[in-house]
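Peer 1: Take this structure, written in structure tokens, and hold onto it; I'll ask about it next.
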Amino acid sequence: MKPASPVALPNRAALLTVTCLGQFMVLLDNTIVGAALPDMQERLHTRLTGLQWIVDAYVLLVAMLLLSGGVFADRFGRKRMFLAGVVVFTAASVVCSAAPSIGWLIAGRVLQGVGAAALSPASLALLAAAYPVPQERVRAIGLWAGLSGIGLAAGPVAGGVLAEAFGWPAIFLVNLPVGAVLLVVGLRVLGESRNPGAPAIDVPGTVLSVLAVGALTYALIEGGSRGWTSPLILGGFAAGAVALAVFVVVEGRVAAPMLPLRLFRQRLFAVSNTAMIVVGFALMGSSFFFSQFFVYVQGSSILRAGIQTLPATLAMVVVSPFAGRSAARYGLRIMVTIGLALAGLGLLALGFVHADTGYADVWWRLAVVGIGFALAMSPLTGAAIQSVSPQEGGLASGVSSTTRQIGAVLGVAVLGAVVRTRQSGGASFEEGLDSAFVVAGLVTLATAVFTGLWLIRSTEPARPASPAPRVHEDTASR
């Protein structure tokens, strides 16, 4: 495989700024929408199902196209894919802000997902190519993750302020000036780089993955309103199962699969990615309801609700930089198990808050959830990377991000189904939320036990072709 083309950049600091700002815009969109969901429900006259689609339409496309986006960037140019992603994401934001109906808004969110799936992996690839020295690259990626991660913490507050003052369309309009700056500055400071030896695009695998997860998501979201035994919903589950089965067959036969199934024969890789699905499931599925709890159960304003949800995201931003170092010192298994146990206990505690529970007795539960997931996510990615050969570290990282996004899609769909099922049985929205938080907490605690028992270091990483020396990592199995 030929090495990636060198990057000719007069100012790597400018590149770091541009790539951080691009990832910041993507991450901001993950949390800013959640703060505006109550306003969307009121102004668009939609039900919980519509809100689920607003979130899942975006996350689904990111999950299914993320790996392909990275391959496209390597093959056709990282700068080109980054700027294309910026254009699509910004244009989609305009579509979202001007959406006259829930259908148009969901279509805009689909386009946003396409743009994010191109922008995000290209930004990291640009950064890696500009910093060829390993020590410098680690520091640059740490800054990229930390600075762009501010978008997660800024989202709830920004969403609350904008939705309260101008209505929900304003949360998408904020992307316009950011996108314009990225496009103008990116054209000037970014240097092109590519990997001529990058694998071919796995079109069948990409299409089948979208069909499989999309059909399953449709059945889970619509099942509550259409009836779980209706032909359409049963057909959705069946179509998802068939598409998934065909996907497994195809990925096992194509020369360059988007998801090499052989990697899952490594216990560390399989367990870490299974746990990452649960992280996405519980984190995204529960945070989908945070603002709705404060607005509809406790009667907060949209602005106040955005601020009240801040402990969870702020805790993640603060704790995440320390998670990797703690895992290196105490071991991956210990940190992941502790993190998931904390997150699970925090979610269970949220299942016992009510309309008359004071905020002083709520904020710490959100903080525990954020701390727990922050402690688990980085070590889980590290575990996945440790389980493969060095040449496949980037692929392992991409698969880890993809599994987390798939979990997020299912979390919003499944926990939403829990709330709707409880309500159809005569329970209140508050009781439905309590049940959803409890389910998320129990699943997370069960996964903590699972990782504690099974997250051990494989003695030999998976290899693409030629034999590689055995690698022993004691810290993973502590």
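Following the order of the structure tokens, chains are lettered A, B, ..., residues in each are numbered from 1, and ligands are numbered from 1.
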If we count only C-alpha atoms, what is near A:Pro38 at a cut-off of 7 Å, once residues fewer than 3 positions away on the same chain are taken out, given as a ChimeraX atom specification?

Peer 2: /A:41-42,292

Peer 1: Please provide as a ChimeraX atom specification all residues within 12 Å of stretch 410-413 of chain A, with the sequence filter that same-chain residues fewer than 2 positions apart are discarded (counting only C-alpha atoms).

Peer 2: /A:34,48-60,63,213-224,277-289,403-408,415-420,436-437,439-441,443-444

Peer 1: State, in Å with one decimal place, the distance from atom CA of A:Val353 to atom CA of A:Phe294.

Peer 2: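 These atoms are spaced 10.6 Å apart.
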
Peer 1: Quick one: residues within 8 Å of A:Val71, only C-alpha atoms counted, chain neighbours fewer than 3 positions away excluded, as a ChimeraX atom specification?

Peer 2: /A:67-68,74-75,198-201

Peer 1: Counting only C-alpha atoms, which residue out of A:Met64, A:Ala305, A:Val184, A:Ile171 sits closest to A:Leu211?

Peer 2: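 Result for the nearest residue to A:Leu211: A:Met64.
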
Peer 1: Leaving out A:Met258 and any residue of its chain fewer than 5 positions from it, which residues lie within 12 Å of it when counting only C-alpha atoms, given as a PyMOL selection string?

Peer 2: chain A and resi 64-72+198-209+247-248+250-253+263+395-396+398-399+402
